[in-house]
Structures are given as C-alpha cells and as structure tokens.
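Pasted below: target-v7.txt, compact mmCIF, C-alpha atoms.
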# COMPACT_ATOMS: atom_id res chain seq x y z
CA MET A 18 85.87 86.46 140.39
CA SER A 19 83.83 86.04 137.22
CA ILE A 20 80.29 87.30 136.80
CA GLN A 21 79.09 83.69 136.67
CA ALA A 22 80.82 82.83 139.91
CA SER A 23 79.49 85.96 141.49
CA ASN A 24 75.97 84.97 140.44
CA ALA A 25 76.43 81.55 142.00
CA LYS A 26 77.56 83.01 145.29
CA ILE A 27 74.65 85.43 145.31
CA ALA A 28 72.24 82.57 144.74
CA VAL A 29 73.65 80.63 147.68
CA VAL A 30 73.27 83.44 150.17
CA VAL A 31 69.80 84.57 149.09
CA ALA A 32 67.88 82.24 151.40
CA THR A 33 69.93 83.03 154.50
CA LEU A 34 70.33 86.77 154.03
CA LEU A 35 67.02 87.75 152.52
CA ALA A 36 65.39 88.75 155.81
CA GLU A 37 68.50 90.61 156.92
CA VAL A 38 68.74 92.87 153.89
CA ASP A 39 65.03 93.34 153.24
CA ALA A 40 65.39 92.34 149.59
CA HIS A 41 61.67 92.58 148.97
CA GLY A 42 61.57 93.09 145.23
CA TRP A 43 63.59 93.84 142.13
CA LEU A 44 63.41 94.19 138.38
CA GLN A 45 64.04 90.84 136.75
CA GLY A 46 66.77 92.12 134.44
CA LYS A 47 69.89 90.02 134.52
CA PRO A 48 69.22 86.33 135.31
CA SER A 49 70.34 85.38 138.78
CA GLU A 50 68.83 82.64 140.91
CA GLU A 51 66.87 79.94 139.07
CA ALA A 52 64.31 79.61 141.85
CA THR A 53 63.24 83.23 141.54
CA GLN A 54 64.01 84.02 137.91
CA SER A 55 61.33 83.65 135.27
CA LYS A 56 62.26 81.80 132.13
CA PHE A 57 59.99 84.00 130.05
CA GLU A 58 62.10 86.36 128.01
CA ASP A 59 60.98 89.98 127.98
CA ASP A 60 62.30 93.50 127.61
CA THR A 61 63.21 94.14 131.27
CA PRO A 62 66.64 95.77 131.56
CA SER A 63 69.10 95.16 134.34
CA SER A 64 69.03 97.86 136.98
CA ARG A 65 71.85 100.00 138.32
CA GLN A 66 71.35 98.13 141.57
CA GLN A 67 72.12 94.90 139.76
CA PHE A 68 74.98 96.39 137.77
CA PHE A 69 76.83 97.76 140.77
CA SER A 70 76.11 94.81 143.05
CA PHE A 71 78.14 92.60 140.73
CA PHE A 72 81.17 94.83 141.33
CA GLU A 73 80.89 94.60 145.12
CA GLU A 74 82.35 91.15 145.63
CA GLY A 75 84.20 91.14 148.95
CA ALA A 76 83.00 94.60 149.96
CA ASP A 77 82.16 95.27 153.57
CA ARG A 78 78.63 94.11 154.45
CA ALA A 79 77.88 97.60 155.77
CA TYR A 80 77.96 98.77 152.17
CA ASN A 81 77.09 95.64 150.22
CA ASN A 82 73.38 95.48 150.96
CA TYR A 83 72.25 94.09 147.62
CA VAL A 84 71.42 90.42 147.79
CA ASN A 85 70.34 89.31 144.32
CA ALA A 86 70.59 92.95 143.26
CA ALA A 87 67.58 94.02 145.32
CA GLU A 88 65.92 97.38 145.20
CA ASN A 89 66.53 100.48 147.29
CA ARG A 90 63.98 101.24 149.94
CA VAL A 91 62.93 104.22 151.99
CA THR A 92 60.30 104.45 154.67
CA ARG A 93 58.17 107.46 153.89
CA THR A 94 57.08 108.04 157.48
CA SER A 95 60.69 108.32 158.70
CA VAL A 96 60.72 111.90 157.43
CA ASP A 97 57.08 112.74 156.74
CA GLY A 98 55.91 112.12 160.28
CA PRO A 99 54.43 109.46 162.55
CA GLU A 100 52.31 106.78 160.95
CA ASN A 101 48.72 107.71 160.13
CA GLU A 102 49.27 111.41 160.78
CA ILE A 103 49.69 112.40 157.15
CA HIS A 104 47.01 111.60 154.61
CA PRO A 105 46.86 112.63 150.97
CA THR A 106 43.99 114.76 149.77
CA MET A 107 41.60 113.47 147.12
CA GLU A 108 43.38 115.67 144.60
CA GLN A 109 46.61 113.86 145.42
CA CYS A 110 44.90 110.48 145.54
CA PRO A 111 42.39 110.23 142.68
CA PRO A 112 39.99 107.24 142.59
CA ILE A 113 42.16 105.30 140.15
CA TRP A 114 41.04 101.91 141.51
CA ALA A 115 37.29 102.56 141.23
CA GLY A 116 35.67 99.74 139.30
CA THR A 117 38.72 97.49 139.54
CA GLU A 118 39.64 94.64 141.87
CA GLY A 119 42.00 97.05 143.57
CA ALA A 120 39.01 98.97 144.92
CA CYS A 121 37.33 98.23 148.21
CA MET A 122 34.13 99.88 149.35
CA MET A 123 33.47 99.64 153.07
CA ASP A 124 30.02 98.88 154.49
CA GLU A 125 28.70 100.19 157.80
CA ASN A 126 30.49 97.39 159.67
CA LYS A 127 33.84 98.16 158.07
CA HIS A 128 33.65 95.07 155.88
CA CYS A 129 35.22 95.17 152.47
CA ILE A 130 32.88 94.53 149.57
CA GLY A 131 34.75 93.59 146.43
CA ASN A 132 35.46 90.86 143.91
CA VAL A 133 38.19 88.41 143.04
CA ASN A 134 38.76 87.11 139.53
CA GLY A 135 35.34 88.41 138.51
CA GLN A 136 33.44 86.79 141.39
CA TYR A 137 31.49 89.22 143.56
CA LYS A 138 32.18 88.85 147.27
CA ASP A 139 30.39 90.47 150.18
CA GLY A 140 32.39 90.68 153.40
CA LYS A 141 29.22 90.60 155.51
CA ASP A 142 28.74 86.93 154.64
CA ASP A 143 32.16 85.91 155.82
CA ASP A 144 34.09 88.07 158.25
CA THR A 145 37.36 86.41 157.24
CA PHE A 146 36.94 87.35 153.60
CA ARG A 147 37.67 90.89 152.51
CA GLY A 148 38.37 90.38 148.83
CA ILE A 149 41.74 91.53 147.51
CA GLY A 150 40.75 95.17 147.08
CA VAL A 151 42.36 97.24 149.83
CA CYS A 152 41.99 100.77 148.51
CA GLU A 153 38.92 102.62 149.66
CA TYR A 154 38.75 105.50 147.26
CA SER A 155 35.64 107.53 148.04
CA THR A 156 35.75 108.59 151.68
CA LEU A 157 36.66 112.16 152.60
CA ASP A 158 36.52 113.73 156.02
CA GLU A 159 35.14 117.20 156.73
CA HIS A 160 38.46 118.74 155.71
CA GLY A 161 38.49 117.05 152.31
CA VAL A 162 41.25 114.67 153.35
CA TYR A 163 41.36 111.13 152.00
CA SER A 164 40.38 108.68 154.75
CA PRO A 165 41.77 105.15 154.33
CA PRO A 166 40.17 101.91 155.55
CA ILE A 167 41.13 100.46 158.91
CA TYR A 168 43.35 97.76 157.41
CA GLY A 169 47.06 98.52 157.68
CA THR A 170 49.03 101.65 158.40
CA GLY A 171 50.58 101.83 154.95
CA ILE A 172 47.35 102.22 153.03
CA ASN A 173 48.09 105.84 152.11
CA THR A 174 51.32 105.12 150.31
CA GLY A 175 50.05 101.84 148.89
CA CYS A 176 46.90 103.29 147.34
CA CYS A 177 48.10 106.80 146.56
CA GLY A 178 51.62 106.14 145.31
CA GLY A 179 53.42 109.19 144.02
CA TRP A 180 51.81 111.78 146.26
CA SER A 181 54.66 111.87 148.77
CA ASP A 182 57.57 114.28 148.37
CA MET A 183 60.73 112.32 147.55
CA LYS A 184 63.17 115.24 147.36
CA GLN A 185 64.70 114.34 150.70
CA PHE A 186 65.89 111.05 149.22
CA GLU A 187 67.67 112.49 146.19
CA HIS A 188 71.46 112.38 145.88
CA THR A 189 73.82 114.58 143.87
CA LEU A 190 75.29 112.93 140.76
CA THR A 191 78.98 113.26 139.91
CA THR A 192 81.18 113.20 136.81
CA GLY A 193 84.88 112.66 136.11
CA GLY A 194 87.19 111.66 138.93
CA GLN A 195 89.41 108.59 138.98
CA LYS A 196 89.08 105.23 137.31
CA ASN A 197 89.02 102.22 139.60
CA THR A 198 91.70 99.99 138.12
CA GLU A 199 90.02 96.88 139.52
CA ASN A 200 86.73 97.27 137.65
CA GLY A 201 87.11 100.25 135.33
CA LEU A 202 84.40 102.31 137.04
CA MET A 203 84.77 106.04 137.59
CA GLU A 204 84.74 107.21 141.21
CA ASN A 205 84.83 110.52 143.08
CA GLY A 206 84.64 113.43 140.63
CA GLU A 207 82.84 116.76 140.67
CA ASP A 208 79.14 117.54 140.84
CA ALA A 209 77.44 116.83 137.53
CA VAL A 210 75.47 119.73 136.05
CA ASP A 211 72.97 119.98 133.22
CA GLU A 212 73.19 122.26 130.17
CA ASN A 213 71.79 125.12 132.25
CA GLY A 214 74.39 124.71 135.00
CA LYS A 215 71.96 123.15 137.47
CA VAL A 216 73.37 120.43 139.72
CA ARG A 217 71.95 117.07 138.71
CA LYS A 218 70.34 114.87 141.35
CA SER A 219 68.83 111.40 141.33
CA VAL A 220 66.25 109.53 143.37
CA CYS A 221 67.46 106.22 141.91
CA PHE A 222 69.63 105.37 144.90
CA THR A 223 67.44 106.20 147.86
CA MET A 224 68.35 105.96 151.52
CA ASP A 225 66.52 106.20 154.83
CA TYR A 226 67.95 108.98 156.95
CA GLU A 227 67.43 106.96 160.10
CA ASN A 228 69.54 104.11 158.70
CA ALA A 229 72.13 106.14 156.82
CA SER A 230 74.75 105.87 159.55
CA GLN A 231 74.48 102.07 159.41
CA GLY A 232 74.51 101.90 155.63
CA HIS A 233 71.35 99.80 155.80
CA PHE A 234 70.02 100.97 152.43
CA GLY A 235 71.17 103.31 149.76
CA ILE A 236 74.29 103.71 147.69
CA PRO A 237 76.57 100.75 146.95
CA ILE A 238 80.29 101.37 147.32
CA THR A 239 82.56 99.38 145.04
CA ASN A 240 85.41 97.36 146.46
CA SER A 241 88.34 99.67 145.81
CA THR A 242 91.52 101.17 147.22
CA LEU A 243 90.34 104.63 146.13
CA PRO A 244 88.81 107.01 148.68
CA HIS A 245 85.04 106.56 148.79
CA SER A 246 84.06 110.15 149.31
CA LYS A 247 81.86 110.02 146.20
CA GLN A 248 80.59 106.65 145.02
CA ALA A 249 80.75 105.03 141.61
CA ALA A 250 77.01 104.37 141.68
CA LEU A 251 76.37 108.13 141.52
CA ASN A 252 78.88 108.85 138.76
CA VAL A 253 77.16 109.53 135.43
CA ASP A 254 80.26 108.40 133.51
CA ASN A 255 79.36 104.84 134.49
CA TYR A 256 75.87 105.14 132.97
CA THR A 257 77.10 104.62 129.41
CA PRO A 258 76.78 101.80 126.87
CA GLU A 259 80.57 101.54 126.74
CA VAL A 260 80.59 100.61 130.43
CA GLN A 261 77.34 98.71 130.85
CA ASN A 262 76.73 97.19 127.42
CA LYS A 263 77.91 93.74 128.36
CA ASP A 264 76.29 90.63 129.82
CA GLY A 265 72.84 91.88 128.89
CA PHE A 266 72.84 95.01 131.05
CA PHE A 267 71.83 97.54 128.41
CA LYS A 268 68.52 97.50 126.55
CA THR A 269 67.51 99.48 123.48
CA TYR A 270 63.87 100.41 123.00
CA THR A 271 62.29 102.15 120.01
CA ALA A 272 60.11 105.18 120.63
CA GLY A 273 56.50 104.52 119.72
CA THR A 274 56.52 100.80 120.52
CA THR A 275 55.54 98.68 123.52
CA VAL A 276 57.76 96.69 125.90
CA ASP A 277 57.08 93.89 128.36
CA LEU A 278 58.53 94.61 131.82
CA SER A 279 58.62 92.36 134.85
CA TRP A 280 59.66 92.29 138.47
CA VAL A 281 59.58 89.83 141.34
CA SER A 282 58.35 90.30 144.90
CA THR A 283 59.87 88.24 147.69
CA VAL A 284 57.63 89.83 150.33
CA MET A 285 54.07 90.79 149.46
CA HIS A 286 53.73 94.34 150.75
CA GLY A 287 50.86 95.11 148.42
CA GLY A 288 50.33 98.56 146.99
CA MET A 289 50.99 99.84 143.50
CA VAL A 290 53.75 100.00 140.89
CA GLU A 291 54.68 102.59 138.26
CA TYR A 292 57.29 102.77 135.50
CA SER A 293 58.71 105.98 134.07
CA ILE A 294 61.31 107.11 131.52
CA VAL A 295 63.22 110.40 131.44
CA CYS A 296 65.78 111.37 128.80
CA ASP A 297 66.92 114.81 129.93
CA GLY A 298 69.22 113.72 132.75
CA ASP A 299 66.87 115.04 135.45
CA GLU A 300 66.36 112.03 137.72
CA SER A 301 64.29 113.78 140.35
CA TYR A 302 61.12 111.96 141.33
CA GLU A 303 59.12 114.96 140.16
CA ASN A 304 60.46 114.44 136.64
CA PHE A 305 59.79 110.70 136.72
CA LYS A 306 56.33 111.47 138.06
CA ASN A 307 55.59 113.61 135.01
CA ASN A 308 56.73 110.90 132.60
CA ARG A 309 55.00 107.74 133.79
CA LEU A 310 54.50 105.00 131.22
CA GLU A 311 51.02 103.94 130.22
CA TYR A 312 50.03 100.33 130.86
CA ASP A 313 48.40 98.21 128.16
CA ASP A 314 45.55 96.56 130.06
CA GLU A 315 44.73 94.29 127.11
CA CYS A 316 47.94 92.29 127.47
CA GLY A 317 46.88 88.97 128.97
CA GLU A 318 47.98 85.43 129.77
CA GLU A 319 48.72 84.45 126.17
CA GLU A 320 51.23 87.29 125.94
CA HIS A 321 52.66 86.32 129.35
CA CYS A 322 51.21 89.39 131.05
CA GLY A 323 49.84 88.89 134.55
CA MET A 324 50.93 87.45 137.87
CA PHE A 325 52.91 84.19 137.82
CA ASP A 326 54.38 81.86 140.44
CA GLN A 327 57.99 80.63 140.55
CA THR A 328 57.26 77.93 137.98
CA ASP A 329 55.88 80.54 135.57
CA THR A 330 52.37 79.23 136.13
CA PHE A 331 49.73 81.88 135.51
CA ILE A 332 47.96 82.98 138.71
CA ARG A 333 45.67 85.80 137.63
CA PRO A 334 45.48 88.87 135.35
CA ASN A 335 47.09 92.14 136.29
CA ILE A 336 44.98 94.82 137.95
CA ILE A 337 45.48 98.07 136.07
CA SER A 338 44.24 101.48 137.21
CA ASN A 339 41.33 103.17 135.45
CA GLY A 340 43.14 106.40 134.56
CA VAL A 341 40.74 108.66 136.47
CA GLY A 342 42.57 111.79 137.56
CA GLU A 343 45.78 110.68 135.87
CA LYS A 344 47.68 112.56 133.16
CA ASN A 345 45.72 112.48 129.89
CA GLY A 346 43.42 109.89 131.44
CA LYS A 347 46.04 107.19 130.83
CA LYS A 348 46.49 104.10 133.00
CA HIS A 349 49.79 104.50 134.83
CA TRP A 350 49.49 102.14 137.80
CA SER A 351 49.35 98.41 138.44
CA PHE A 352 47.95 96.99 141.66
CA VAL A 353 49.81 94.58 143.96
CA PRO A 354 47.80 92.35 146.33
CA ASP A 355 49.35 92.20 149.78
CA ALA A 356 50.14 89.28 152.05
CA ASP A 357 46.91 89.63 154.03
CA PHE A 358 44.93 88.89 150.88
CA HIS A 359 47.09 86.33 149.12
CA THR A 360 44.81 83.44 150.04
CA GLN A 361 42.07 85.11 148.04
CA SER A 362 44.21 86.42 145.18
CA GLY A 363 46.49 83.39 144.95
CA VAL A 364 49.49 85.72 144.72
CA ASN A 365 52.14 84.79 147.25
CA ALA A 366 55.77 85.66 147.87
CA ASN A 367 58.23 85.13 145.00
CA SER A 368 55.56 85.85 142.42
CA PHE A 369 56.30 87.63 139.15
CA PHE A 370 54.44 90.65 137.82
CA ARG A 371 54.70 91.11 134.08
CA THR A 372 53.07 94.07 132.32
CA ARG A 373 53.19 95.76 128.93
CA SER A 374 53.99 99.47 128.76
CA ARG A 375 53.98 101.99 125.95
CA ILE A 376 57.17 103.85 125.06
CA PRO A 377 56.01 107.36 124.06
CA ARG A 378 56.87 108.29 120.49
CA SER A 379 57.69 111.77 121.78
CA LEU A 380 60.74 110.45 123.66
CA ASN A 381 62.77 110.44 120.47
CA THR A 382 61.53 112.16 117.32
CA GLY A 383 65.04 112.87 116.07
CA SER A 384 67.54 110.75 114.14
CA ASP A 385 70.02 109.78 116.87
CA ASN A 386 69.74 107.41 119.79
CA LYS A 387 69.06 108.89 123.22
CA ARG A 388 70.46 107.73 126.54
CA CYS A 389 67.57 107.59 129.01
CA THR A 390 66.66 106.29 132.46
CA LEU A 391 63.89 103.81 133.19
CA ALA A 392 62.62 103.94 136.77
CA TRP A 393 60.48 101.45 138.69
CA PHE A 394 58.70 102.56 141.88
CA TRP A 395 56.78 100.20 144.14
CA TRP A 396 54.72 102.01 146.76
CA GLY A 397 54.11 99.40 149.48
CA LYS A 398 50.79 99.27 151.28
CA ASN A 399 51.50 97.49 154.55
CA SER A 400 55.12 98.57 155.08
CA GLU A 401 54.99 102.29 154.19
CA GLY A 402 58.05 101.43 152.09
CA VAL A 403 58.86 102.99 148.73
CA PHE A 404 61.01 100.58 146.72
CA THR A 405 62.95 101.96 143.75
CA ALA A 406 65.23 100.76 140.99
CA CYS A 407 66.59 102.52 137.88
CA SER A 408 68.01 101.21 134.63
CA ASP A 409 70.09 102.91 131.97
CA ILE A 410 68.55 102.35 128.56
CA ILE A 411 68.72 103.63 124.99
CA ILE A 412 65.69 104.96 123.11
CA ALA A 413 66.04 104.64 119.36
CA PRO A 414 64.31 107.16 117.05
CA ALA A 415 60.66 106.64 116.23
CA SER A 416 61.24 107.26 112.52
CA GLY A 417 59.23 104.79 110.47
CA VAL A 418 57.52 103.40 113.56
CA ARG A 419 53.78 103.60 113.90
CA SER A 420 52.89 105.69 116.93
CA ASN A 421 51.01 104.27 119.92
In structure tokens, write the structure found in this file.
Amino acid sequence: MSIQASNAKIAVVVATLLAEVDAHGWLQGKPSEEATQSKFEDDTPSSRQQFFSFFEEGADRAYNNYVNAAENRVTRTSVDGPENEIHPTMEQCPPIWAGTEGACMMDENKHCIGNVNGQYKDGKDDDTFRGIGVCEYSTLDEHGVYSPPIYGTGINTGCCGGWSDMKQFEHTLTTGGQKNTENGLMENGEDAVDENGKVRKSVCFTMDYENASQGHFGIPITNSTLPHSKQAALNVDNYTPEVQNKDGFFKTYTAGTTVDLSWVSTVMHGGMVEYSIVCDGDESYENFKNNRLEYDDECGEEEHCGMFDQTDTFIRPNIISNGVGEKNGKKHWSFVPDADFHTQSGVNANSFFRTRSRIPRSLNTGSDNKRCTLAWFWWGKNSEGVFTACSDIIIAPASGVRSN
C-alpha cells in the first residue's frame, strides 16, 4: 500500500481508535489528517514514531499502537511509587513559572490567584475561577520538599518536568542484522556501541513496564517474516538520510539559527514541554536533559508562534518559563494549560502549540554535516504521563552563520 493510501486509512481510524490508543499528542511533522494538521509550514521534522508507523500496515494491533503516528507514553508513578508519595525538591523544581501565567500562588483558602491574557484574576471573587496557572512554585515543607497545590495528582511531573529518573525506560539500540525485503529496514542485529565501547541506549521509544506484556505502548514492530527479537525501530542503521530522506521525513537545520517547531494535543493534560538535540549518539534522557533548546519568547502571533485551534486561528501567546534555576539562565520550557482550565485559557483539545527554538552554534563548528537527534518531551500535569517523540535530523555547520 502506498504512503498516501496509508495516510488515508490512518485518518479514517483516528476518531474511532483515539481513546483506545491514548494518542494524546505528537509532533506535527509529516502531514496526516486534515482536521488535525496545521496548514502553517514550519521546521518540524517527522518523528521516528511517524516514520515507523507508516511501515506497520497490517501489523498486529498488539504492536501497531500508533494512530496518526502518536507519541510514546510512560506513567512515571508506575515505577517511581504510588501517586503523591514522591515530590521533587526545590533544587529539582526551580521556580521557572514565577511571574508567568503558568504560576499560581495559593491564598489561605487554597484559591489560585493568577492572570489570564494579562488580566488579573483573584480566585476569592469566584470560586469557579482559578486562572490557568496551576504551578505553585514557592511552598516548601519542613523537609525542604516542594509541596504542590491541591489540584490534580500529576502536578509534580507537570510543573517540574525533567526531575524524574527516566533510565528505567531506556532501550538498547542495535546495528547490523538483516534487511527486511518488504520495506528495506534493518532488523535484529547486535548491540550498538559508541566509540568508547559503551552500549548505546535510547529513551526515544519508551514503554510502561506494567503494560509491556500487552504491548500497549513502546516499540513498533514492522510487518515482516523475519524474527522480531530485536526491532527495526531500535536499529541505528535505519536512522540515516539514505533510509529516511524521502516524503519529507528528514530535516536539515543550520547551527546558530532558529527553527519553528510545533505539536498537537488531542487531550489536554497540561504540564510543560521541552525540546532537546544531541549529536553524540547518546540518547539517554540525561543527555537530552543537558542539551535542552532555548525558547525565543519574542516569537508571537505574526510569526505564527502561539496556541492555535484546528482552523489555525490564534488563541493566545505561548507561556515560556523565566529561566530561573535553568542552565545558563535560559528559557527551556513552554507551559501547557490543562483541560480543567481550558475555559479560561481558550485552549482545548486538538490545539496546536508552535514555538521558536534556538539551534546552538556549538552543535556543529566543523565543516561537515552531523547526524543528530531532536527529542520532544511533554510532561503531563493531570495524567502523570511523560510523552516522548524523537526525530532524526541533520545539523549543518555554522560556518558563516551569525551566532544566536
């Protein structure tokens, strides 16, 4: 079946299968369904999730869990402990939302005092109104532990994204093996190692342990007659321009420039989103965490930055973190209003989030192109979910480019 036909089939099943597969958000990347695909052109690459989902036509539903090339998802509490038992410390959760609409200060009656679109709101005047800020950032208990507001069990992850250990969700990458004659992808193979002999792992295809036996989330398995002991989605030999540089999958960025990136949410979990790029083959979350992209908070409606509905109508500006406590004081997070607050924020399901990020000049100061990995992490507030997607990209040298 052609890619176009595959797209059409995916579009048909989206409405009926969305709830089943928990397709709550994805990078825009490759155009898919008209109803949920922005017509604004930007620099968003297609993700590995999208790339491999298009090779899964006819695969068993136990493995083909990517409707419209949705993200991977893990539930942090499934391994970290029961809900509300683990809280980040202030050191792990700096007050990055202070002074923004993502912040929420609580009064003595546990009302949220905040603002929406520049209008100050006091929850004491209207008990049904709590603003759109859900991240209380200043309360510590006697042990110095961050104490979240009473709203929602996922507030820790949603307001302090990146503090949780993601090592348990990493998978070993492979290389070599056999070529699938049906689609040309490499499968099986041996463990991939870096130049120092260390086994390479990736957090790009995450999986809940509690759902692993059911194949509910995680690694796609291509439709093939080959043994599926090691999947194509984990094979680094498929992460090359020769394989993916077709139908708009690969993107080339230039070090030292800015790019416009976008994603769509089908379920408003709230929380916060980060982008990151690594070029050394280490796809651990710790490495992504150390290489987060800086947001340009001056990109506004005229440049198509902000939150938009399905018709590409501007809803409101993005909420960008203040950089307090972040690496070099840069702004590495964007805020996502959740469903409980969408009547105030105007941001509902199937909205688009478009931001502008800076590609560090330091990523490529040489003369040759580099193969790199762009990662998107959405730390949900009211689901405790961590949604991830990764894209294979090329970073061109910064030579002759004015540095950001």
* Determine, counting all atoms listed in the file, which protein, DNA and RNA residues have an atom within 7 Å of an atom of Ser362 of chain A; residues of the same chain fewer than 2 positions away are not included. Present the result as a PyMOL selection string. => chain A and resi 133+149+358-360+364
Those same residues, written as a short mmCIF file (atom, residue, chain, number, x, y, z; two decimals), in the frame of the given file with C-alpha atoms?
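Below you can see part-v2.cif, which holds the result:
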data_model
loop_
_atom_site.label_atom_id
_atom_site.label_comp_id
_atom_site.auth_asym_id
_atom_site.auth_seq_id
_atom_site.Cartn_x
_atom_site.Cartn_y
_atom_site.Cartn_z
CA VAL A 133 38.19 88.41 143.04
CA ILE A 149 41.74 91.53 147.51
CA PHE A 358 44.93 88.89 150.88
CA HIS A 359 47.09 86.33 149.12
CA THR A 360 44.81 83.44 150.04
CA VAL A 364 49.49 85.72 144.72
#
Considering all atoms listed in the file, give me a table of residues in segment 176-292 of chain A that are at most 9 Å from segment 57-67 of chain A, with the closest atom pair and distance in Å for each, as CSV.
residue,atom,partner,partner_atom,distance
A:Cys221,CA,A:Arg65,CA,8.4
A:Phe222,CA,A:Gln66,CA,8.2
A:Ile236,CA,A:Gln66,CA,8.8
A:Pro237,CA,A:Gln66,CA,7.9
A:Ala250,CA,A:Arg65,CA,7.6
A:Tyr256,CA,A:Arg65,CA,8.4
A:Gly265,CA,A:Ser63,CA,7.4
A:Phe266,CA,A:Ser63,CA,5.0
A:Phe267,CA,A:Pro62,CA,6.3
A:Lys268,CA,A:Pro62,CA,5.6
A:Thr269,CA,A:Pro62,CA,8.9
A:Tyr270,CA,A:Asp60,CA,8.5
A:Val276,CA,A:Asp60,CA,5.8
A:Asp277,CA,A:Asp60,CA,5.3
A:Leu278,CA,A:Thr61,CA,4.7
A:Ser279,CA,A:Thr61,CA,6.1
A:Trp280,CA,A:Thr61,CA,8.2
* To do: Quick one: pull the distance between atom CA of Asn339 of chain A and atom CA of Ile113 of chain A, Å, one decimal.
  =>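 These two atoms are separated by 5.2 Å.
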* Could you pull out every residue with an atom within 8 Å of (67.8, 109.2, 140.5), file coordinates, counting only C-alpha atoms, and send them as a list in words? => Glu187, His188, Lys218, Ser219, Val220, Cys221, Phe222, Thr223, Asp299, Glu300, Ser301, Tyr302 and Cys407 of chain A
* Asked: For Pro112 of chain A, which residue out of A:Leu310, A:Val341, A:Leu380, A:Ile411 is the nearest one, using only C-alpha atoms?
  -> A:Val341
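Of the listed residues (A:Gln361, A:Glu204, A:Asp355, A:Gln195), A:Asp355 comes nearest to Val284 of chain A; the distances count all atoms listed in the file.
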For segment 247-288 of chain A against segment 390-406 of chain A, with a cut-off of 7 Å and counting all atoms listed in the file, what is the closest atom pair and its distance in Å to one decimal for every residue that makes the cut, ordered by chain and number, as CSV?
residue,atom,partner,partner_atom,distance
A:His286,CA,A:Gly397,CA,5.2
A:Gly287,CA,A:Lys398,CA,5.0
A:Gly288,CA,A:Lys398,CA,4.4
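Taking atom CA of Met203 of chain A and atom CA of Phe186 of chain A as the two end points, the separation is 22.7 Å.
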* atom CA of Met324 of chain A to atom CA of Ile337 of chain A, straight-line distance in Å -> 12.1 Å
* To do: Using only C-alpha atoms, find the one residue out of A:Cys322, A:Ala249, A:Ile412, A:Val260 that sits nearest to Asn205 of chain A.
  =>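 Using only C-alpha atoms, the shortest distance to Asn205 of chain A belongs to A:Ala249.
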Please identify all polymer residues within 7 Å of Ala366 of chain A, counting all atoms listed in the file, omitting same-chain residues fewer than 6 positions from it, and present them as a compact mmCIF listing (two decimals) with C-alpha atoms, keeping the file's coordinate frame.
# COMPACT_ATOMS: atom_id res chain seq x y z
CA SER A 282 58.35 90.30 144.90
CA THR A 283 59.87 88.24 147.69
CA VAL A 284 57.63 89.83 150.33
CA MET A 285 54.07 90.79 149.46
* Asked: Could you name the residues that touch His349 of chain A at 8 Å or less, counting all atoms listed in the file, but leaving out those on the same chain fewer than 4 positions away, as a list of chain:residue names?
  -> A:Glu291, A:Tyr292, A:Arg309, A:Leu310, A:Glu311, A:Tyr312, A:Ile337, A:Ser338, A:Gly340, A:Glu343
